[in-house]
>>> print(open('start-v8.cif').read())   # mmCIF, C-alpha atoms and all ligand atoms
data_start
loop_
_atom_site.label_atom_id
_atom_site.label_comp_id
_atom_site.auth_asym_id
_atom_site.auth_seq_id
_atom_site.Cartn_x
_atom_site.Cartn_y
_atom_site.Cartn_z
CA MET E 1 70.22 66.34 92.57
CA LYS E 2 71.55 65.88 96.08
CA PRO E 3 75.24 65.68 96.95
CA PRO E 4 76.83 62.36 97.93
CA VAL E 5 77.25 61.63 101.64
CA PHE E 6 79.96 63.61 103.42
CA GLU E 7 81.01 64.41 106.97
CA TYR E 8 80.38 68.05 107.93
CA HIS E 9 82.79 70.10 110.08
CA ARG E 10 82.21 73.68 111.23
CA PRO E 11 85.37 75.09 112.86
CA GLU E 12 85.07 78.13 115.12
CA SER E 13 88.58 79.45 114.46
CA LEU E 14 91.09 79.64 111.63
CA ARG E 15 93.49 77.50 113.65
CA GLU E 16 90.89 74.79 114.05
CA ALA E 17 90.08 74.92 110.32
CA LEU E 18 93.76 74.57 109.39
CA GLU E 19 94.14 71.63 111.79
CA LEU E 20 91.17 69.92 110.17
CA LEU E 21 92.65 70.52 106.70
CA ALA E 22 95.95 69.04 107.85
CA THR E 23 94.48 65.93 109.43
CA LEU E 24 91.44 64.96 107.35
CA SER E 25 92.02 63.23 104.07
CA ASP E 26 89.85 64.13 101.08
CA ALA E 27 88.47 67.33 102.60
CA LYS E 28 87.08 70.40 100.81
CA ILE E 29 86.52 73.86 102.20
CA LEU E 30 82.97 75.21 101.93
CA ALA E 31 82.88 79.00 101.48
CA GLY E 32 79.82 80.39 99.65
CA GLY E 33 79.03 76.96 98.20
CA GLN E 34 78.01 78.50 94.86
CA SER E 35 80.47 76.40 92.87
CA LEU E 36 81.23 73.55 95.27
CA MET E 37 77.62 72.47 95.87
CA PRO E 38 76.69 72.24 92.16
CA MET E 39 79.92 70.32 91.54
CA MET E 40 79.05 67.90 94.34
CA ASN E 41 75.47 67.57 93.14
CA PHE E 42 76.76 66.64 89.68
CA ARG E 43 79.36 64.27 91.24
CA TYR E 44 82.27 66.18 89.67
CA VAL E 45 83.76 66.14 93.17
CA MET E 46 82.85 63.78 96.03
CA PRO E 47 84.83 64.84 99.11
CA GLU E 48 84.54 62.73 102.26
CA HIS E 49 84.77 65.81 104.48
CA ILE E 50 83.41 69.34 104.17
CA ILE E 51 85.00 72.08 106.27
CA ASP E 52 82.53 74.97 106.47
CA ILE E 53 84.46 78.21 107.13
CA ASN E 54 81.41 80.49 107.34
CA ARG E 55 81.91 81.01 111.09
CA LEU E 56 85.39 82.49 110.60
CA LYS E 57 84.30 86.11 110.80
CA GLU E 58 87.94 87.28 110.86
CA LEU E 59 88.12 86.21 107.18
CA ALA E 60 85.11 88.28 106.14
CA GLU E 61 86.57 91.78 106.45
CA ILE E 62 87.53 94.26 103.75
CA LYS E 63 89.94 96.79 105.20
CA ARG E 64 92.45 99.48 104.28
CA VAL E 65 96.06 98.48 104.89
CA HIS E 66 99.30 100.42 104.33
CA ASP E 67 99.08 101.13 100.54
CA GLY E 68 96.37 98.70 99.60
CA ILE E 69 93.09 96.99 100.44
CA LYS E 70 92.95 93.63 102.16
CA PHE E 71 90.04 91.32 101.36
CA GLY E 72 89.41 88.45 103.75
CA ALA E 73 88.81 85.26 101.76
CA MET E 74 85.21 85.14 103.02
CA ALA E 75 84.32 88.63 101.74
CA ARG E 76 81.23 88.12 99.55
CA HIS E 77 80.96 89.41 95.98
CA ASP E 78 78.10 91.69 97.00
CA GLN E 79 80.04 92.98 100.00
CA ALA E 80 82.88 94.00 97.64
CA LYS E 81 80.38 95.62 95.27
CA LYS E 82 78.96 97.81 98.04
CA SER E 83 82.04 98.38 100.21
CA GLU E 84 82.80 102.10 100.76
CA ILE E 85 86.50 101.24 100.89
CA VAL E 86 86.32 99.49 97.52
CA LEU E 87 84.23 102.25 95.96
CA GLU E 88 86.72 104.87 97.11
CA HIS E 89 90.05 103.14 96.47
CA CYS E 90 89.55 100.43 93.84
CA PRO E 91 86.20 101.23 92.16
CA LEU E 92 86.96 98.96 89.20
CA ILE E 93 86.36 95.99 91.52
CA ALA E 94 82.88 97.25 92.43
CA VAL E 95 82.09 97.63 88.72
CA GLY E 96 83.41 94.15 87.94
CA MET E 97 81.22 92.61 90.65
CA GLU E 98 78.09 93.71 88.79
CA TYR E 99 78.98 91.14 86.12
CA VAL E 100 79.34 88.20 88.52
CA ALA E 101 76.37 85.86 88.19
CA HIS E 102 73.09 86.99 89.84
CA ALA E 103 72.16 88.73 93.09
CA GLN E 104 71.54 85.48 94.98
CA ILE E 105 74.94 84.08 93.99
CA ARG E 106 76.70 87.38 94.75
CA ASN E 107 75.16 87.35 98.24
CA ARG E 108 76.83 84.04 99.10
CA GLY E 109 79.83 83.66 96.76
CA THR E 110 83.21 84.80 98.10
CA ILE E 111 86.43 86.20 96.70
CA GLY E 112 88.34 83.25 98.22
CA GLY E 113 85.97 80.70 96.72
CA SER E 114 86.21 82.31 93.31
CA MET E 115 90.02 82.39 93.40
CA ALA E 116 90.24 78.79 94.64
CA HIS E 117 87.70 77.56 92.07
CA LEU E 118 89.53 79.58 89.38
CA ASP E 119 87.13 79.46 86.48
CA PRO E 120 89.01 80.98 83.50
CA SER E 121 86.03 83.29 82.83
CA ALA E 122 85.57 84.54 86.40
CA GLU E 123 85.85 88.28 86.97
CA TRP E 124 87.90 88.28 90.18
CA PRO E 125 91.19 87.00 88.65
CA ALA E 126 91.33 89.78 86.01
CA LEU E 127 90.28 92.45 88.53
CA LEU E 128 93.02 91.29 90.90
CA ALA E 129 95.59 91.06 88.07
CA VAL E 130 95.35 94.76 87.17
CA HIS E 131 95.72 95.61 90.87
CA ASP E 132 98.88 93.44 91.23
CA ALA E 133 97.25 91.46 94.02
CA THR E 134 99.04 89.17 96.44
CA LEU E 135 97.25 86.08 97.71
CA HIS E 136 98.03 84.91 101.22
CA VAL E 137 97.70 81.20 102.00
CA GLN E 138 98.07 79.43 105.33
CA SER E 139 98.37 75.88 106.56
CA SER E 140 98.88 74.45 110.04
CA SER E 141 102.63 74.42 109.34
CA GLY E 142 103.21 77.82 107.75
CA GLU E 143 102.09 80.60 105.44
CA ARG E 144 103.18 82.16 102.15
CA ASP E 145 102.32 84.88 99.65
CA VAL E 146 101.60 84.21 96.01
CA PRO E 147 101.65 87.00 93.38
CA ILE E 148 98.48 86.97 91.30
CA LEU E 149 100.26 86.00 88.08
CA GLU E 150 101.66 82.87 89.77
CA TRP E 151 98.29 81.81 91.14
CA SER E 152 97.02 79.79 88.17
CA GLN E 153 98.89 76.51 87.70
CA GLY E 154 96.64 75.12 84.98
CA PHE E 155 92.95 74.69 84.21
CA MET E 156 91.05 75.42 87.45
CA ALA E 157 94.25 74.60 89.35
CA PRO E 158 95.20 77.31 91.86
CA ASN E 159 98.62 77.48 93.55
CA LEU E 160 97.24 75.81 96.70
CA ALA E 161 98.34 72.58 98.39
CA GLU E 162 95.67 70.26 99.82
CA ASP E 163 96.35 71.38 103.39
CA GLU E 164 96.40 75.09 102.53
CA MET E 165 93.67 77.68 102.78
CA LEU E 166 93.52 81.01 100.96
CA THR E 167 92.99 83.43 103.86
CA ASP E 168 93.24 86.92 102.37
CA ILE E 169 94.13 88.90 99.28
CA THR E 170 95.76 92.33 99.19
CA VAL E 171 95.42 94.64 96.20
CA ALA E 172 97.68 97.61 95.53
CA THR E 173 95.68 100.80 95.18
CA TRP E 174 96.26 103.47 92.55
CA PRO E 175 96.19 107.27 93.10
CA ALA E 176 92.66 108.64 93.56
CA ARG E 177 92.81 110.34 90.13
CA HIS E 178 93.13 107.02 88.25
CA VAL E 179 90.42 105.91 85.83
CA TYR E 180 89.16 102.44 84.99
CA GLY E 181 87.14 100.38 82.55
CA PHE E 182 85.62 96.91 82.43
CA ALA E 183 83.92 95.12 79.54
CA GLU E 184 82.89 91.53 78.92
CA LEU E 185 80.70 89.55 76.57
CA ALA E 186 78.39 86.84 77.96
CA ARG E 187 75.56 85.13 76.12
CA ARG E 188 73.09 86.17 78.82
CA LYS E 189 73.45 88.61 81.70
CA GLY E 190 74.92 86.74 84.67
CA ASP E 191 76.47 83.95 82.60
CA PHE E 192 80.20 83.37 82.68
CA ALA E 193 81.80 85.63 80.05
CA LEU E 194 83.26 84.36 76.78
CA ALA E 195 86.00 86.96 77.22
CA GLY E 196 86.49 90.26 79.00
CA ALA E 197 88.98 92.98 79.87
CA ALA E 198 89.81 95.12 82.90
CA VAL E 199 91.78 98.37 82.63
CA LEU E 200 93.37 100.92 84.95
CA LEU E 201 94.93 104.14 83.59
CA ASP E 202 96.75 106.99 85.27
CA PHE E 203 97.69 110.28 83.62
CA ASP E 204 100.38 112.90 83.82
CA GLY E 205 98.63 115.90 82.27
CA GLU E 206 97.22 114.64 78.98
CA VAL E 207 99.62 111.73 78.71
CA ILE E 208 99.04 108.18 79.99
CA SER E 209 101.66 107.66 82.71
CA ARG E 210 100.68 104.16 83.81
CA ALA E 211 98.48 101.42 82.38
CA ALA E 212 97.31 97.99 83.49
CA LEU E 213 95.27 95.79 81.13
CA ALA E 214 94.18 92.24 81.94
CA LEU E 215 92.09 89.78 79.96
CA MET E 216 89.80 87.04 81.24
CA GLY E 217 88.25 84.00 79.56
CA VAL E 218 91.07 83.54 77.06
CA GLU E 219 93.59 81.47 79.04
CA VAL E 220 93.41 79.35 82.18
CA GLY E 221 94.36 82.31 84.36
CA PRO E 222 94.19 86.08 83.95
CA VAL E 223 96.56 87.54 81.35
CA ARG E 224 98.31 90.89 81.82
CA MET E 225 98.92 92.54 78.44
CA ILE E 226 102.36 94.00 79.19
CA ASP E 227 103.16 94.91 75.55
CA ALA E 228 99.88 96.77 75.25
CA GLU E 229 100.55 98.57 78.54
CA ASN E 230 104.01 99.64 77.32
CA LEU E 231 102.48 100.91 74.10
CA LEU E 232 99.96 103.06 75.99
CA VAL E 233 102.39 104.67 78.45
CA GLY E 234 103.75 108.02 77.26
CA GLU E 235 100.97 108.50 74.71
CA MET E 236 97.84 110.65 74.57
CA PRO E 237 94.61 108.65 74.40
CA SER E 238 93.19 108.25 70.90
CA ASP E 239 91.02 105.84 68.99
CA GLU E 240 94.04 104.67 67.01
CA LEU E 241 96.16 104.09 70.13
CA PHE E 242 93.42 102.08 71.83
CA ARG E 243 92.82 100.03 68.68
CA GLU E 244 96.52 99.20 68.42
CA ALA E 245 96.80 98.33 72.13
CA ALA E 246 93.69 96.14 72.03
CA GLU E 247 95.05 94.25 68.99
CA HIS E 248 97.70 92.81 71.32
CA ALA E 249 94.95 90.56 72.68
CA THR E 250 95.37 88.39 69.57
CA VAL E 251 98.59 86.96 71.06
CA VAL E 252 96.71 85.02 73.77
CA ALA E 253 96.17 81.28 73.31
CA GLY E 254 92.37 81.38 73.49
CA ILE E 255 90.21 78.62 74.94
CA ASP E 256 88.29 76.19 72.73
CA ASP E 257 85.20 74.75 74.40
CA VAL E 258 81.49 74.14 73.87
CA HIS E 259 80.74 77.82 74.42
CA ALA E 260 83.09 79.33 71.83
CA SER E 261 86.14 78.63 69.69
CA ALA E 262 89.56 79.97 70.67
CA SER E 263 89.68 82.25 67.63
CA TYR E 264 86.25 83.74 68.44
CA ARG E 265 87.25 84.37 72.05
CA LYS E 266 90.38 86.15 70.86
CA LYS E 267 88.33 88.42 68.62
CA VAL E 268 85.97 89.14 71.51
CA ALA E 269 88.96 89.91 73.75
CA VAL E 270 90.24 92.53 71.28
CA VAL E 271 86.85 94.26 71.20
CA MET E 272 86.46 94.10 75.01
CA ALA E 273 89.98 95.48 75.57
CA LYS E 274 89.22 98.46 73.33
CA ARG E 275 85.88 99.07 75.05
CA ALA E 276 87.47 98.96 78.50
CA LEU E 277 90.17 101.43 77.40
CA GLU E 278 87.54 103.76 75.94
CA GLN E 279 85.49 103.57 79.12
CA ALA E 280 88.52 104.54 81.20
CA SER E 281 89.34 107.45 78.92
CA ASN E 282 85.70 108.62 78.87
CA ARG E 283 85.60 108.54 82.67
CA ARG E 284 88.50 110.96 82.68
CA LYS E 285 86.74 113.31 80.24
CA ILE E 286 83.54 113.25 82.32
CA ARG E 287 85.51 113.90 85.50
CA ALA E 288 87.24 116.87 83.83
CA LEU E 289 83.89 118.32 82.73
CA ALA E 290 82.47 117.93 86.24
CA ALA E 291 85.49 119.60 87.91
C1 LIG E 301 74.60 79.98 87.93
C2 LIG E 301 75.94 80.48 88.35
C3 LIG E 301 76.51 81.52 87.62
C4 LIG E 301 77.76 82.00 87.98
N1 LIG E 301 78.31 83.03 87.25
C5 LIG E 301 79.51 83.52 87.60
C6 LIG E 301 80.09 84.59 86.88
O1 LIG E 301 79.52 85.13 85.94
N2 LIG E 301 81.31 85.02 87.28
C7 LIG E 301 81.99 84.46 88.33
O2 LIG E 301 83.10 84.89 88.64
N3 LIG E 301 81.46 83.45 89.04
C8 LIG E 301 80.24 82.98 88.71
N4 LIG E 301 79.71 81.94 89.43
C9 LIG E 301 80.51 81.34 90.52
C10 LIG E 301 80.38 82.14 91.81
O3 LIG E 301 81.06 83.37 91.66
C11 LIG E 301 80.98 81.43 93.02
O4 LIG E 301 80.65 82.21 94.09
C12 LIG E 301 82.49 81.24 93.06
O5 LIG E 301 83.01 80.61 91.95
C13 LIG E 301 82.89 80.34 94.22
O6 LIG E 301 82.81 81.02 95.40
P1 LIG E 301 82.16 80.34 96.67
O7 LIG E 301 82.48 81.23 97.81
O8 LIG E 301 80.74 80.04 96.40
O9 LIG E 301 83.06 79.01 96.81
P2 LIG E 301 82.64 77.51 97.09
O10 LIG E 301 81.66 77.05 96.07
O11 LIG E 301 82.29 77.32 98.50
O12 LIG E 301 84.05 76.81 96.83
C14 LIG E 301 84.61 76.73 95.52
C15 LIG E 301 85.93 75.96 95.59
O13 LIG E 301 86.91 76.73 96.27
C16 LIG E 301 87.39 76.04 97.45
N5 LIG E 301 87.55 77.10 98.45
C17 LIG E 301 86.61 78.00 98.85
N6 LIG E 301 87.14 78.89 99.69
C18 LIG E 301 88.45 78.54 99.84
C19 LIG E 301 89.52 79.11 100.58
N7 LIG E 301 89.37 80.22 101.32
N8 LIG E 301 90.73 78.52 100.50
C20 LIG E 301 90.92 77.40 99.74
N9 LIG E 301 89.93 76.82 99.02
C21 LIG E 301 88.71 77.40 99.07
C22 LIG E 301 86.31 75.02 97.75
O14 LIG E 301 86.82 73.93 98.48
C23 LIG E 301 85.86 74.65 96.36
O15 LIG E 301 86.76 73.74 95.80
C24 LIG E 301 78.46 81.45 89.10
C25 LIG E 301 77.88 80.40 89.83
C26 LIG E 301 76.63 79.93 89.47
C27 LIG E 301 76.02 78.83 90.28
#
>>> encode(input="start-v8.cif", output="structure tokens", more="lines below")
Ligand SMILES: Cc1cc2nc3c(=O)[nH]c(=O)nc-3n(C[C@H](O)[C@H](O)[C@H](O)COP(=O)(O)OP(=O)(O)OC[C@H]3O[C@@H](n4cnc5c(N)ncnc54)[C@H](O)[C@@H]3O)c2cc1C
Amino acid sequence: MKPPVFEYHRPESLREALELLATLSDAKILAGGQSLMPMMNFRYVMPEHIIDINRLKELAEIKRVHDGIKFGAMARHDQAKKSEIVLEHCPLIAVGMEYVAHAQIRNRGTIGGSMAHLDPSAEWPALLAVHDATLHVQSSSGERDVPILEWSQGFMAPNLAEDEMLTDITVATWPARHVYGFAELARRKGDFALAGAAVLLDFDGEVISRAALALMGVEVGPVRMIDAENLLVGEMPSDELFREAAEHATVVAGIDDVHASASYRKKVAVVMAKRALEQASNRRKIRALAA
């Protein structure tokens, strides 16, 4: 399948790209093209104009900022997987990237494209949710920040106006001692997951002092399990505690589609949440043994 006819624009600067977005009607940004091109080939979308932002190198950086990490919207999945900054300060993201599609897609696909496409089963939204990310969007007339939990406005509907571009995303980093876990179930390796969970834990001695748990694939956007997090904090890790915390995943709505029923996805989410919690706790044990 070939895409329908469109007019191609390749701006050399962010300003030029934002001007194009403001003036062209029916325009779509082209980032990695890994979701947009198949959707055009299948005629799900037929934009008149394509604005290719691959020349905007200033959007491709991953860098350390004040107390976080800033990802330019054009940072590729594979770049995040291999980034020394990510591996050192938010290693959960590097782990999560291993589950995104296949090597070829990870080489081209971008964090900005994934967050603008906003597939409910994508890994990025859940990974950003546990890191309390802020998404920065710009247009030719202004800019604004959107907290990650206000990003999803419905099914594949990000908090983005037609003339706005997602330019960068900042995640808050946790202390170096924190531990993390990620688990998902997909029918085949590289497929979108039916459901998954991302976890960050910090400890004060033997007691969990801070917890972040997010689910993917069960609602239109990532879900932070605040009740489960509150249950974990102040407790020592145990099989019983993790089971109880993971059971909170049953409160999500679930998504019914051709791939799985809502009730099945919810069951999968419970199992994935427990696995991610166990992984985090095991990482801490291994680290203690190695010290
Ligand atoms: C076979 C296959 C399997 C896949 N499996 C997975 C998977 O398991 N997990 C997963 O997370 N993803 C998966 N993907 C999707 C992949 O991660 C894409 O890279 C991602 O969804 C889109 O990123 P992109 O950079 O390619 O965006 P594009 O395809 O270029 O764009 C996607 C959409 O976002 C808009 N857009 C892009 N950048 C911006 C921006 N900066 N600001 C505003 N709007 C923007 C575009 O206009 C378009 O509407 C898979 C894709 C394929 C083809």
>>> residues_around(input="start-v8.cif", residues="Leu59 (chain E)", least_positions_apart="4", cutoff="6 Å", atoms="only C-alpha atoms", output="list in words")
Gly72, Ala73 and Met74 of chain E
>>> write_last_selection(input="start-v8.cif", atoms="C-alpha atoms", output="PDB file, in the frame of the given file")
ATOM      1  CA  GLY E  72      89.410  88.450 103.750  1.00  0.00           C
ATOM      2  CA  ALA E  73      88.810  85.260 101.760  1.00  0.00           C
ATOM      3  CA  MET E  74      85.210  85.140 103.020  1.00  0.00           C
TER       4      MET E  74
END
>>> residues_near_ligand(input="start-v8.cif", ligand="ligand LIG 301 (chain E)", cutoff="8 Å", atoms="all atoms listed in the file", output="PDB file with C-alpha atoms, in the coordinates of the input")
ATOM      1  CA  ALA E  27      88.470  67.330 102.600  1.00  0.00           C
ATOM      2  CA  LYS E  28      87.080  70.400 100.810  1.00  0.00           C
ATOM      3  CA  ILE E  29      86.520  73.860 102.200  1.00  0.00           C
ATOM      4  CA  LEU E  30      82.970  75.210 101.930  1.00  0.00           C
ATOM      5  CA  ALA E  31      82.880  79.000 101.480  1.00  0.00           C
ATOM      6  CA  GLY E  32      79.820  80.390  99.650  1.00  0.00           C
ATOM      7  CA  GLY E  33      79.030  76.960  98.200  1.00  0.00           C
ATOM      8  CA  GLN E  34      78.010  78.500  94.860  1.00  0.00           C
ATOM      9  CA  SER E  35      80.470  76.400  92.870  1.00  0.00           C
ATOM     10  CA  LEU E  36      81.230  73.550  95.270  1.00  0.00           C
ATOM     11  CA  MET E  37      77.620  72.470  95.870  1.00  0.00           C
ATOM     12  CA  PRO E  38      76.690  72.240  92.160  1.00  0.00           C
ATOM     13  CA  ILE E  53      84.460  78.210 107.130  1.00  0.00           C
ATOM     14  CA  ALA E  73      88.810  85.260 101.760  1.00  0.00           C
ATOM     15  CA  MET E  74      85.210  85.140 103.020  1.00  0.00           C
ATOM     16  CA  ARG E  76      81.230  88.120  99.550  1.00  0.00           C
ATOM     17  CA  HIS E  77      80.960  89.410  95.980  1.00  0.00           C
ATOM     18  CA  TYR E  99      78.980  91.140  86.120  1.00  0.00           C
ATOM     19  CA  VAL E 100      79.340  88.200  88.520  1.00  0.00           C
ATOM     20  CA  ALA E 101      76.370  85.860  88.190  1.00  0.00           C
ATOM     21  CA  HIS E 102      73.090  86.990  89.840  1.00  0.00           C
ATOM     22  CA  ILE E 105      74.940  84.080  93.990  1.00  0.00           C
ATOM     23  CA  ARG E 106      76.700  87.380  94.750  1.00  0.00           C
ATOM     24  CA  ARG E 108      76.830  84.040  99.100  1.00  0.00           C
ATOM     25  CA  GLY E 109      79.830  83.660  96.760  1.00  0.00           C
ATOM     26  CA  THR E 110      83.210  84.800  98.100  1.00  0.00           C
ATOM     27  CA  ILE E 111      86.430  86.200  96.700  1.00  0.00           C
ATOM     28  CA  GLY E 112      88.340  83.250  98.220  1.00  0.00           C
ATOM     29  CA  GLY E 113      85.970  80.700  96.720  1.00  0.00           C
ATOM     30  CA  SER E 114      86.210  82.310  93.310  1.00  0.00           C
ATOM     31  CA  MET E 115      90.020  82.390  93.400  1.00  0.00           C
ATOM     32  CA  ALA E 116      90.240  78.790  94.640  1.00  0.00           C
ATOM     33  CA  HIS E 117      87.700  77.560  92.070  1.00  0.00           C
ATOM     34  CA  LEU E 118      89.530  79.580  89.380  1.00  0.00           C
ATOM     35  CA  ASP E 119      87.130  79.460  86.480  1.00  0.00           C
ATOM     36  CA  SER E 121      86.030  83.290  82.830  1.00  0.00           C
ATOM     37  CA  ALA E 122      85.570  84.540  86.400  1.00  0.00           C
ATOM     38  CA  GLU E 123      85.850  88.280  86.970  1.00  0.00           C
ATOM     39  CA  TRP E 124      87.900  88.280  90.180  1.00  0.00           C
ATOM     40  CA  VAL E 137      97.700  81.200 102.000  1.00  0.00           C
ATOM     41  CA  LEU E 160      97.240  75.810  96.700  1.00  0.00           C
ATOM     42  CA  GLU E 164      96.400  75.090 102.530  1.00  0.00           C
ATOM     43  CA  MET E 165      93.670  77.680 102.780  1.00  0.00           C
ATOM     44  CA  LEU E 166      93.520  81.010 100.960  1.00  0.00           C
ATOM     45  CA  THR E 167      92.990  83.430 103.860  1.00  0.00           C
ATOM     46  CA  ASP E 168      93.240  86.920 102.370  1.00  0.00           C
ATOM     47  CA  GLY E 190      74.920  86.740  84.670  1.00  0.00           C
ATOM     48  CA  ASP E 191      76.470  83.950  82.600  1.00  0.00           C
ATOM     49  CA  PHE E 192      80.200  83.370  82.680  1.00  0.00           C
ATOM     50  CA  ALA E 193      81.800  85.630  80.050  1.00  0.00           C
TER      51      ALA E 193
END
>>> closest_residue(input="start-v8.cif", among="E:Val207, E:Ser141, E:Glu19, E:Ala214", to="Leu127 (chain E)", atoms="all atoms listed in the file")
E:Ala214
>>> residues_around(input="start-v8.cif", residues="Met216 (chain E)", least_positions_apart="6", cutoff="6 Å", atoms="only C-alpha atoms", output="NGL selection string")
:E and (121 or 126 or 195-196 or 222)
>>> closest_residue(input="start-v8.cif", among="E:Asp52, E:Leu241, E:Pro120, E:Lys266", to="Ala157 (chain E)", atoms="only C-alpha atoms")
E:Pro120
>>> atom_distance(input="start-v8.cif", atom1="CA of Gly254 (chain E)", atom2="CA of Ala133 (chain E)")
23.4 Å
>>> atom_distance(input="start-v8.cif", atom1="CA of Ala75 (chain E)", atom2="CA of Ala94 (chain E)")
12.8 Å
>>> closest_atom_pairs(input="start-v8.cif", of="region 52-159 of chain E", to="region 273-277 of chain E", cutoff="12 Å", atoms="only C-alpha atoms", output="Markdown table")
| residue | atom | partner | partner_atom | distance |
| --- | --- | --- | --- | --- |
| E:Leu92 | CA | E:Ala276 | CA | 10.7 |
| E:Val95 | CA | E:Ala276 | CA | 11.6 |
| E:Gly96 | CA | E:Ala276 | CA | 11.3 |
| E:Ala126 | CA | E:Ala273 | CA | 12.0 |
>>> residues_around(input="start-v8.cif", residues="Glu48 (chain E)", least_positions_apart="2", cutoff="9 Å", atoms="only C-alpha atoms", output="MDAnalysis selection string")
chainID E and resid 4:8 24:28 46 50
>>> closest_residue(input="start-v8.cif", among="E:Ser263, E:Ser152, E:Ser238, E:Gln79", to="Val223 (chain E)", atoms="only C-alpha atoms")
E:Ser152
>>> atom_distance(input="start-v8.cif", atom1="CA of Pro175 (chain E)", atom2="CA of Pro147 (chain E)")
21.0 Å
>>> residues_around(input="start-v8.cif", residues="region 177-182 of chain E", least_positions_apart="5", cutoff="7 Å", atoms="all atoms listed in the file", output="PDB file with C-alpha atoms, in the coordinates of the input")
ATOM      1  CA  LEU E  92      86.960  98.960  89.200  1.00  0.00           C
ATOM      2  CA  GLY E  96      83.410  94.150  87.940  1.00  0.00           C
ATOM      3  CA  ALA E 197      88.980  92.980  79.870  1.00  0.00           C
ATOM      4  CA  ALA E 198      89.810  95.120  82.900  1.00  0.00           C
ATOM      5  CA  VAL E 199      91.780  98.370  82.630  1.00  0.00           C
ATOM      6  CA  LEU E 200      93.370 100.920  84.950  1.00  0.00           C
ATOM      7  CA  LEU E 201      94.930 104.140  83.590  1.00  0.00           C
ATOM      8  CA  ASP E 202      96.750 106.990  85.270  1.00  0.00           C
ATOM      9  CA  ALA E 276      87.470  98.960  78.500  1.00  0.00           C
ATOM     10  CA  LEU E 277      90.170 101.430  77.400  1.00  0.00           C
ATOM     11  CA  GLN E 279      85.490 103.570  79.120  1.00  0.00           C
ATOM     12  CA  ALA E 280      88.520 104.540  81.200  1.00  0.00           C
ATOM     13  CA  ARG E 283      85.600 108.540  82.670  1.00  0.00           C
ATOM     14  CA  ARG E 284      88.500 110.960  82.680  1.00  0.00           C
TER      15      ARG E 284
END
>>> build_atoms(input="start-v8.cif", residues="region 144-154 of chain E", atoms="N, CA, C and O atoms", output="short mmCIF file (atom, residue, chain, number, x, y, z; two decimals), keeping the file's coordinate frame")
data_model
loop_
_atom_site.label_atom_id
_atom_site.label_comp_id
_atom_site.auth_asym_id
_atom_site.auth_seq_id
_atom_site.Cartn_x
_atom_site.Cartn_y
_atom_site.Cartn_z
N ARG E 144 102.38 81.60 103.25
CA ARG E 144 103.18 82.16 102.15
C ARG E 144 102.31 83.10 101.33
O ARG E 144 101.07 83.04 101.41
N ASP E 145 103.00 83.95 100.55
CA ASP E 145 102.32 84.88 99.65
C ASP E 145 102.53 84.45 98.22
O ASP E 145 103.63 84.02 97.86
N VAL E 146 101.49 84.58 97.42
CA VAL E 146 101.60 84.21 96.01
C VAL E 146 101.18 85.41 95.16
O VAL E 146 100.04 85.90 95.30
N PRO E 147 102.07 85.91 94.28
CA PRO E 147 101.65 87.00 93.38
C PRO E 147 100.56 86.50 92.43
O PRO E 147 100.59 85.33 92.03
N ILE E 148 99.65 87.37 92.09
CA ILE E 148 98.48 86.97 91.30
C ILE E 148 98.87 86.23 90.02
O ILE E 148 98.23 85.24 89.66
N LEU E 149 99.94 86.65 89.35
CA LEU E 149 100.26 86.00 88.08
C LEU E 149 100.90 84.62 88.25
O LEU E 149 101.12 83.89 87.29
N GLU E 150 101.16 84.23 89.51
CA GLU E 150 101.66 82.87 89.77
C GLU E 150 100.57 81.99 90.41
O GLU E 150 100.84 80.88 90.85
N TRP E 151 99.37 82.52 90.45
CA TRP E 151 98.29 81.81 91.14
C TRP E 151 97.76 80.63 90.32
O TRP E 151 97.51 79.55 90.81
N SER E 152 97.57 80.86 89.02
CA SER E 152 97.02 79.79 88.17
C SER E 152 98.14 78.83 87.77
O SER E 152 99.15 79.23 87.21
N GLN E 153 97.90 77.53 88.05
CA GLN E 153 98.89 76.51 87.70
C GLN E 153 98.36 75.60 86.60
O GLN E 153 98.94 74.54 86.34
N GLY E 154 97.25 75.95 86.02
CA GLY E 154 96.64 75.12 84.98
C GLY E 154 95.14 75.32 85.03
O GLY E 154 94.65 76.19 85.75
#
